[in-house]
Structure formats: C-alpha cells, structure tokens
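Everything below concerns the one structure shown next.
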Amino acid sequence: MKSGTKTLGYNWRDILANLPLQKGDHKDKDAISGADVLRDNSYIALYFGCEWHPICKNDVNPQLIKIYHHLKAIRDGTDRDVEIIYVSLDRDIHAFERFICTMPWLTVQYGDKEQLVTAFQVKKDDARKIPKIVVLDTSNAQDGNMNNRGIINKDAFPELHLRMKKDSDEKLAKEFPWGVSAAGRAATGMCALMFCSIQ
C-alpha cells in the first residue's frame with residue numbers, strides 16, 4: 001500500500017454514524033440517524049449505484065427491491081436485522097431524486113456521499129465497476145484486517161447479479177449476508193465482460 005493511502009473501508013462505522021439518512025421512497029421525510037441504523041441492524045449492505053447505468057436501473061434495482069422485501073420479512077424483529085443503504089453515483093441531484101423514488105430502503109443524502117465513495121474506493125465513472133454492493137457486519141467493525149473491520153464482502157454484486165438470473169429472490173434473501181465465494185471471484189470478470197457486450 002502506498003504511503004498515505006487509506007485501507008479499504010477505513011472508518012466506515014464513524015462515517016455512517018454521523019450521516020443523516022432518508023427513506024428512498026420519501027414515505028418518511030424525516031432524517032434518520034446513521035448511528036440509530038448501526039445500532040438497530042446487525043448487517044448493512046451499501047448499494048453504490050446510479051440511474052444512468054443500464055444494469056442498475058433496469059436489472060439490479062427492480063430485483064433487489066424484491067429481495068429486500070423478503071429480507072425484511074425474514075429478519076425484522078430478530079437479532080439479525082439488515083438494512084440496505086443506497087449511496088448515489090448519480091451525476092446530478094435530479095437523477096438522484098428520480099432514482100430513489102423507486103427505493104424502499106435508506107439512502108445517503110446526495111451531498112453526503114463522498115466520504116463513503118472514498119472510503120470504499122468506488123470509481124464513480126467506471127461503468128465496469130458499477131454497481132457495487134458492500135456487505136458489512138455492524139457488530140464486528142474494529143481496526144485491523146478486512147474481516148476485523150466488519151467487511152464481509154467488499155463487492156457482492158458480481159456473484160449476486162449472476163445468481164439473480166437463476167435463483168429465486170426468496171432464496172437469495174435467505175442466504176444473506178452474501179460472503180465471498182470462489183464463484184463470486186470468477187463472476188467479477190464475467191460481469192465486466194457482460195457490461196462491455198451491451199455497449
């Protein structure tokens with residue numbers, strides 16, 4: 001690691017704890033404390049996405065909504081609650097506001113996204129690296145190696161995207177948190193190839 005370069009996911013818990021969040025679908029306009037979300041959920045999935053990316057808008061987002069509803073039905077009220085938080089890579093606030101209207105989960109407000117984008121080294125303009133889904137364990141977020149920082153999967157999207165085509169939404173919800181598998185590592189290259197083929 002180069003001198004001065006921060007480790008992946010550095011300080012993510014402190015960043016989230018200090019962010020005001022909002023419901024994506026605007027059903028609740030009041031700000032929600034990031035600290036409360038960390039306290040009330042065992043797992044968080046950060047969904048880095050954008051309206052301009054065809055896979056985000058037309059493929060992943062609609063199915064992830066279905067998975068999310070299954071997740072909430074399975075886990076709400078247990079000691080293994082989970083929340084998805086959208087972190088916008090949209091190019092302007094108007095695109096952001098249009099896109100989040102479809103979302104039942106929480107979102108980071110448009111002007112507050114940069115700390116998480118930087119912490120997780122998201123390349124905002126590299127379509128091959130979008131979307132990105134980072135799975136976090138809120139109970140295990142200490143300094144140290146990646147697992148000790150509470151990062152279960154630094155990008156669950158490639159494998160999840162492939163499995164969305166063959167597995168039911170309920171099955172995918174039951175298998176959360178989505179850790180790293182050998183298939184997932186292989187899927188990373190395949191997803192980049194798939195995106196290039198639709199350009």
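Ligands are numbered from 1 in the order shown, chains are lettered A, B, ... in the order of the structure tokens, and residues start at 1 in each chain.
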Checklist entry - If you run DSSP on the backbone, which residues of stretch 34-97 of chain A are helix (DSSP H, G or I), as a ChimeraX atom specification? => result /A:34-40,54-75,93-97
Item to check | Residue contacts of A:Ile133 (7 Å, only C-alpha atoms) excluding same-chain residues fewer than 4 positions away, as a list in words | outcome: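 That gives Ala45, Leu46, Tyr47, Phe48, Asp155, Ala156 and Phe157 of chain A.
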Item to check | d(atom CA of A:Arg13, atom CA of A:Thr78) in Å | outcome: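 For atom CA of A:Arg13 relative to atom CA of A:Thr78, the distance reads 21.5 Å.
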Test item: residues at most 10 Å from stretch 29-35 of chain A, only C-alpha atoms, excluding those fewer than 4 positions along its chain, as a PDB file with C-alpha atoms, in the first residue's frame:
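For reference, out.pdb as written:
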ATOM      1  CA  ARG A  13     -18.626   2.960  11.004  1.00  0.00           C
ATOM      2  CA  ASP A  14     -17.800   6.505  12.157  1.00  0.00           C
ATOM      3  CA  ILE A  15     -18.726   7.896   8.743  1.00  0.00           C
ATOM      4  CA  LEU A  16     -22.144   6.209   8.766  1.00  0.00           C
ATOM      5  CA  ALA A  17     -22.829   7.071  12.399  1.00  0.00           C
ATOM      6  CA  ASN A  18     -22.539  10.764  11.574  1.00  0.00           C
ATOM      7  CA  LEU A  19     -24.649  10.774   8.406  1.00  0.00           C
ATOM      8  CA  PRO A  20     -28.337  11.725   8.240  1.00  0.00           C
ATOM      9  CA  LEU A  21     -30.168   9.142   6.130  1.00  0.00           C
ATOM     10  CA  GLN A  22     -33.566   9.229   4.454  1.00  0.00           C
ATOM     11  CA  LYS A  23     -36.120   6.771   3.112  1.00  0.00           C
ATOM     12  CA  GLY A  24     -35.649   6.444  -0.622  1.00  0.00           C
ATOM     13  CA  ASP A  25     -39.353   6.379  -1.460  1.00  0.00           C
ATOM     14  CA  ARG A  39     -27.434   0.197  16.494  1.00  0.00           C
ATOM     15  CA  ASP A  40     -30.588  -1.441  15.176  1.00  0.00           C
ATOM     16  CA  LEU A 106     -32.487   4.054   3.138  1.00  0.00           C
ATOM     17  CA  THR A 107     -30.331   6.456   1.156  1.00  0.00           C
ATOM     18  CA  VAL A 108     -27.380   8.691   1.927  1.00  0.00           C
ATOM     19  CA  GLN A 109     -28.345  12.247   1.060  1.00  0.00           C
TER      20      GLN A 109
END
Item to check | DSSP strand (DSSP E) residues within stretch 9-146 of chain A, listed as a list in words | outcome: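 The strand (DSSP E) residues within stretch 9-146 of chain A come out as Pro20, Leu21, Gln22, Lys23, Ile32, Ser33, Tyr43, Ile44, Ala45, Leu46, Tyr47, Phe48, Gly49, Val82, Glu83, Ile84, Ile85, Tyr86, Val87, Ser88, Leu106, Thr107, Val108, Lys132, Ile133, Val134, Val135, Leu136 and Asp137 of chain A.
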Next on the checklist: For a test of reading the model, state the distance in Å between atom CA of A:Asp126 and atom CA of A:Leu71, rounded to one decimal.
Outcome noted: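 Computing the Euclidean distance for atom CA of A:Asp126 and atom CA of A:Leu71 yields 29.5 Å.
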Item to check | Residues within 10 Å of A:Val60, only C-alpha atoms, excluding chain neighbours under 4 positions, as a PyMOL selection string | outcome: chain A and resi 49+54-56+64-65+131+157+160-161+164
Just the selected residues (N, CA, C and O atoms), exported as a compact mmCIF listing (two decimals), in the first residue's frame, please.
# COMPACT_ATOMS: atom_id res chain seq x y z
N GLY A 49 -24.78 2.88 -6.63
CA GLY A 49 -25.39 2.74 -7.95
C GLY A 49 -25.79 4.08 -8.52
O GLY A 49 -25.52 5.14 -7.94
N PRO A 54 -27.32 1.22 -17.14
CA PRO A 54 -28.47 0.36 -17.52
C PRO A 54 -28.66 -0.85 -16.62
O PRO A 54 -29.79 -1.26 -16.37
N ILE A 55 -27.57 -1.44 -16.13
CA ILE A 55 -27.71 -2.62 -15.26
C ILE A 55 -28.32 -2.23 -13.93
O ILE A 55 -29.17 -2.94 -13.38
N CYS A 56 -27.92 -1.08 -13.39
CA CYS A 56 -28.52 -0.60 -12.14
C CYS A 56 -30.01 -0.36 -12.32
O CYS A 56 -30.84 -0.84 -11.54
N LEU A 64 -33.51 -6.27 -6.75
CA LEU A 64 -33.02 -6.03 -5.39
C LEU A 64 -34.16 -5.56 -4.48
O LEU A 64 -34.19 -5.88 -3.29
N ILE A 65 -35.11 -4.82 -5.04
CA ILE A 65 -36.29 -4.41 -4.27
C ILE A 65 -37.06 -5.63 -3.78
O ILE A 65 -37.46 -5.72 -2.61
N PRO A 131 -22.86 -1.50 -10.66
CA PRO A 131 -22.98 -1.13 -9.26
C PRO A 131 -21.99 -1.90 -8.39
O PRO A 131 -21.32 -2.83 -8.85
N PHE A 157 -21.79 -7.72 -5.61
CA PHE A 157 -22.60 -7.58 -6.82
C PHE A 157 -22.30 -8.62 -7.90
O PHE A 157 -23.24 -9.21 -8.45
N LEU A 160 -23.88 -11.95 -7.08
CA LEU A 160 -25.32 -11.76 -6.89
C LEU A 160 -26.02 -11.55 -8.22
O LEU A 160 -27.10 -12.10 -8.47
N HIS A 161 -25.41 -10.77 -9.10
CA HIS A 161 -26.02 -10.49 -10.41
C HIS A 161 -26.20 -11.77 -11.22
O HIS A 161 -27.26 -11.99 -11.84
N MET A 164 -28.99 -13.86 -9.64
CA MET A 164 -30.33 -13.29 -9.84
C MET A 164 -31.02 -13.91 -11.06
O MET A 164 -32.24 -13.95 -11.14
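Near A:Lys123, within 12 Å and counting only C-alpha atoms, sit Phe48, Gly49, Leu89, Glu114, Leu116, Val117, Lys129, Ile130, Pro131 and Lys132 of chain A, not including residues fewer than 6 positions from it in the same chain.
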Go ahead and dump the residues you just picked, N, CA and C atoms, as an mmCIF file, in the first residue's frame.
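Okay, this is what ended up in out.cif:
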data_model
loop_
_atom_site.group_PDB
_atom_site.id
_atom_site.type_symbol
_atom_site.label_atom_id
_atom_site.label_comp_id
_atom_site.auth_asym_id
_atom_site.auth_seq_id
_atom_site.Cartn_x
_atom_site.Cartn_y
_atom_site.Cartn_z
ATOM 1 N N PHE A 48 -23.909 1.002 -3.983
ATOM 2 C CA PHE A 48 -23.402 2.114 -4.782
ATOM 3 C C PHE A 48 -23.954 1.944 -6.202
ATOM 4 N N GLY A 49 -24.782 2.885 -6.627
ATOM 5 C CA GLY A 49 -25.390 2.739 -7.948
ATOM 6 C C GLY A 49 -25.791 4.084 -8.524
ATOM 7 N N LEU A 89 -24.217 7.385 -7.077
ATOM 8 C CA LEU A 89 -23.177 7.748 -8.043
ATOM 9 C C LEU A 89 -23.814 8.516 -9.201
ATOM 10 N N GLU A 114 -19.672 11.537 -0.550
ATOM 11 C CA GLU A 114 -18.262 11.441 -0.913
ATOM 12 C C GLU A 114 -17.411 10.667 0.087
ATOM 13 N N LEU A 116 -18.151 8.020 1.896
ATOM 14 C CA LEU A 116 -18.280 6.576 1.690
ATOM 15 C C LEU A 116 -17.712 6.159 0.341
ATOM 16 N N VAL A 117 -17.907 6.979 -0.682
ATOM 17 C CA VAL A 117 -17.335 6.692 -2.004
ATOM 18 C C VAL A 117 -15.820 6.587 -1.893
ATOM 19 N N LYS A 129 -17.302 -1.052 -13.007
ATOM 20 C CA LYS A 129 -17.225 -1.246 -11.557
ATOM 21 C C LYS A 129 -18.518 -0.846 -10.841
ATOM 22 N N ILE A 130 -19.565 -0.600 -11.611
ATOM 23 C CA ILE A 130 -20.852 -0.162 -11.064
ATOM 24 C C ILE A 130 -21.921 -1.149 -11.524
ATOM 25 N N PRO A 131 -22.863 -1.501 -10.664
ATOM 26 C CA PRO A 131 -22.984 -1.134 -9.257
ATOM 27 C C PRO A 131 -21.992 -1.905 -8.386
ATOM 28 N N LYS A 132 -21.944 -1.507 -7.135
ATOM 29 C CA LYS A 132 -21.095 -2.171 -6.144
ATOM 30 C C LYS A 132 -21.927 -2.336 -4.882
#
Write out as a compact mmCIF listing (two decimals) with all heavy atoms, in the first residue's frame each polymer residue whose atoms come within 10 Å of A:Ile151, counting only C-alpha atoms; drop sequence neighbours fewer than 6 positions from it.
# COMPACT_ATOMS: atom_id res chain seq x y z
N LEU A 8 -9.05 -0.06 2.57
CA LEU A 8 -10.44 -0.15 2.09
C LEU A 8 -11.40 -0.13 3.27
O LEU A 8 -11.25 -0.89 4.23
CB LEU A 8 -10.62 -1.45 1.30
CG LEU A 8 -12.03 -1.66 0.72
CD1 LEU A 8 -12.21 -0.79 -0.52
CD2 LEU A 8 -12.25 -3.12 0.38
N GLY A 9 -12.40 0.73 3.19
CA GLY A 9 -13.42 0.77 4.22
C GLY A 9 -12.99 1.43 5.51
O GLY A 9 -13.65 1.28 6.54
N TRP A 12 -15.45 3.35 8.28
CA TRP A 12 -16.80 3.41 7.71
C TRP A 12 -17.87 3.54 8.80
O TRP A 12 -18.89 4.19 8.60
CB TRP A 12 -17.08 2.20 6.83
CG TRP A 12 -17.18 0.87 7.52
CD1 TRP A 12 -16.20 -0.07 7.60
CD2 TRP A 12 -18.31 0.31 8.21
NE1 TRP A 12 -16.64 -1.18 8.31
CE2 TRP A 12 -17.94 -0.96 8.69
CE3 TRP A 12 -19.61 0.77 8.47
CZ2 TRP A 12 -18.81 -1.79 9.40
CZ3 TRP A 12 -20.47 -0.04 9.19
CH2 TRP A 12 -20.08 -1.31 9.65
N TYR A 43 -26.49 -6.19 10.13
CA TYR A 43 -25.81 -6.12 8.83
C TYR A 43 -26.30 -4.91 8.04
O TYR A 43 -27.48 -4.54 8.12
CB TYR A 43 -26.07 -7.38 8.00
CG TYR A 43 -25.64 -8.66 8.67
CD1 TYR A 43 -26.57 -9.49 9.29
CD2 TYR A 43 -24.29 -9.03 8.70
CE1 TYR A 43 -26.18 -10.66 9.91
CE2 TYR A 43 -23.90 -10.20 9.32
CZ TYR A 43 -24.84 -11.01 9.92
OH TYR A 43 -24.46 -12.17 10.55
N ILE A 44 -25.38 -4.37 7.26
CA ILE A 44 -25.73 -3.29 6.33
C ILE A 44 -25.13 -3.63 4.98
O ILE A 44 -23.98 -4.08 4.89
CB ILE A 44 -25.20 -1.93 6.84
CG1 ILE A 44 -26.05 -1.45 8.02
CG2 ILE A 44 -25.21 -0.88 5.72
CD1 ILE A 44 -25.54 -0.21 8.70
N ALA A 45 -25.91 -3.41 3.93
CA ALA A 45 -25.40 -3.54 2.57
C ALA A 45 -25.40 -2.15 1.95
O ALA A 45 -26.47 -1.53 1.81
CB ALA A 45 -26.25 -4.50 1.75
N VAL A 134 -21.47 -3.49 -0.99
CA VAL A 134 -20.54 -3.83 0.09
C VAL A 134 -21.35 -4.32 1.29
O VAL A 134 -22.25 -3.62 1.76
CB VAL A 134 -19.70 -2.60 0.50
CG1 VAL A 134 -18.73 -2.97 1.61
CG2 VAL A 134 -18.95 -2.03 -0.70
N VAL A 135 -21.05 -5.52 1.76
CA VAL A 135 -21.78 -6.11 2.88
C VAL A 135 -20.97 -5.94 4.16
O VAL A 135 -19.79 -6.34 4.22
CB VAL A 135 -22.09 -7.60 2.63
CG1 VAL A 135 -22.92 -8.17 3.77
CG2 VAL A 135 -22.81 -7.78 1.29
N LEU A 136 -21.60 -5.36 5.18
CA LEU A 136 -20.91 -5.00 6.41
C LEU A 136 -21.57 -5.66 7.63
O LEU A 136 -22.80 -5.77 7.70
CB LEU A 136 -20.94 -3.48 6.59
CG LEU A 136 -20.32 -2.66 5.46
CD1 LEU A 136 -20.67 -1.18 5.62
CD2 LEU A 136 -18.81 -2.85 5.42
N ASP A 137 -20.74 -6.04 8.57
CA ASP A 137 -21.19 -6.58 9.85
C ASP A 137 -21.01 -5.48 10.89
O ASP A 137 -19.88 -5.13 11.24
CB ASP A 137 -20.34 -7.81 10.19
CG ASP A 137 -20.69 -8.44 11.53
OD1 ASP A 137 -21.46 -7.83 12.31
OD2 ASP A 137 -20.18 -9.54 11.81
N THR A 138 -22.10 -4.93 11.38
CA THR A 138 -22.01 -3.78 12.29
C THR A 138 -21.47 -4.15 13.67
O THR A 138 -21.00 -3.30 14.40
CB THR A 138 -23.38 -3.11 12.48
OG1 THR A 138 -24.27 -4.02 13.13
CG2 THR A 138 -23.96 -2.68 11.14
N ASN A 140 -18.96 -6.13 14.19
CA ASN A 140 -17.55 -6.51 14.10
C ASN A 140 -16.83 -5.50 13.23
O ASN A 140 -16.41 -5.80 12.12
CB ASN A 140 -17.42 -7.92 13.50
CG ASN A 140 -15.98 -8.41 13.49
OD1 ASN A 140 -15.16 -7.92 14.25
ND2 ASN A 140 -15.70 -9.36 12.62
N ALA A 141 -16.70 -4.28 13.73
CA ALA A 141 -16.13 -3.20 12.93
C ALA A 141 -15.02 -2.50 13.70
O ALA A 141 -15.13 -1.36 14.10
CB ALA A 141 -17.22 -2.20 12.56
N ASN A 145 -7.53 -6.10 10.03
CA ASN A 145 -7.69 -6.63 8.68
C ASN A 145 -9.14 -6.48 8.23
O ASN A 145 -10.00 -6.03 8.98
CB ASN A 145 -7.23 -8.10 8.61
CG ASN A 145 -8.07 -9.01 9.48
OD1 ASN A 145 -9.27 -8.83 9.62
ND2 ASN A 145 -7.42 -9.98 10.10
N GLY A 179 -21.41 -13.58 1.45
CA GLY A 179 -19.96 -13.58 1.60
C GLY A 179 -19.27 -13.85 0.27
O GLY A 179 -19.90 -14.03 -0.77
Checklist entry - Nearest to A:Trp178 among A:Arg149, A:Lys66, A:Lys154, A:Lys166, with distances taken over only C-alpha atoms: which residue is it? => result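 Checking each of A:Arg149, A:Lys66, A:Lys154, A:Lys166 against A:Trp178, counting only C-alpha atoms, the winner is A:Lys154.
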Checklist entry - By how many Å are atom CA of A:Trp105 and atom CA of A:Ile152 apart? => result 19.9 Å
Next on the checklist: Ranking A:Gly77, A:Gly150, A:Gly111, A:Pro177 by minimum distance to A:Arg91 and counting only C-alpha atoms, which one comes first?
Outcome noted: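 With only C-alpha atoms as the atom set, the closest residue is A:Gly111.
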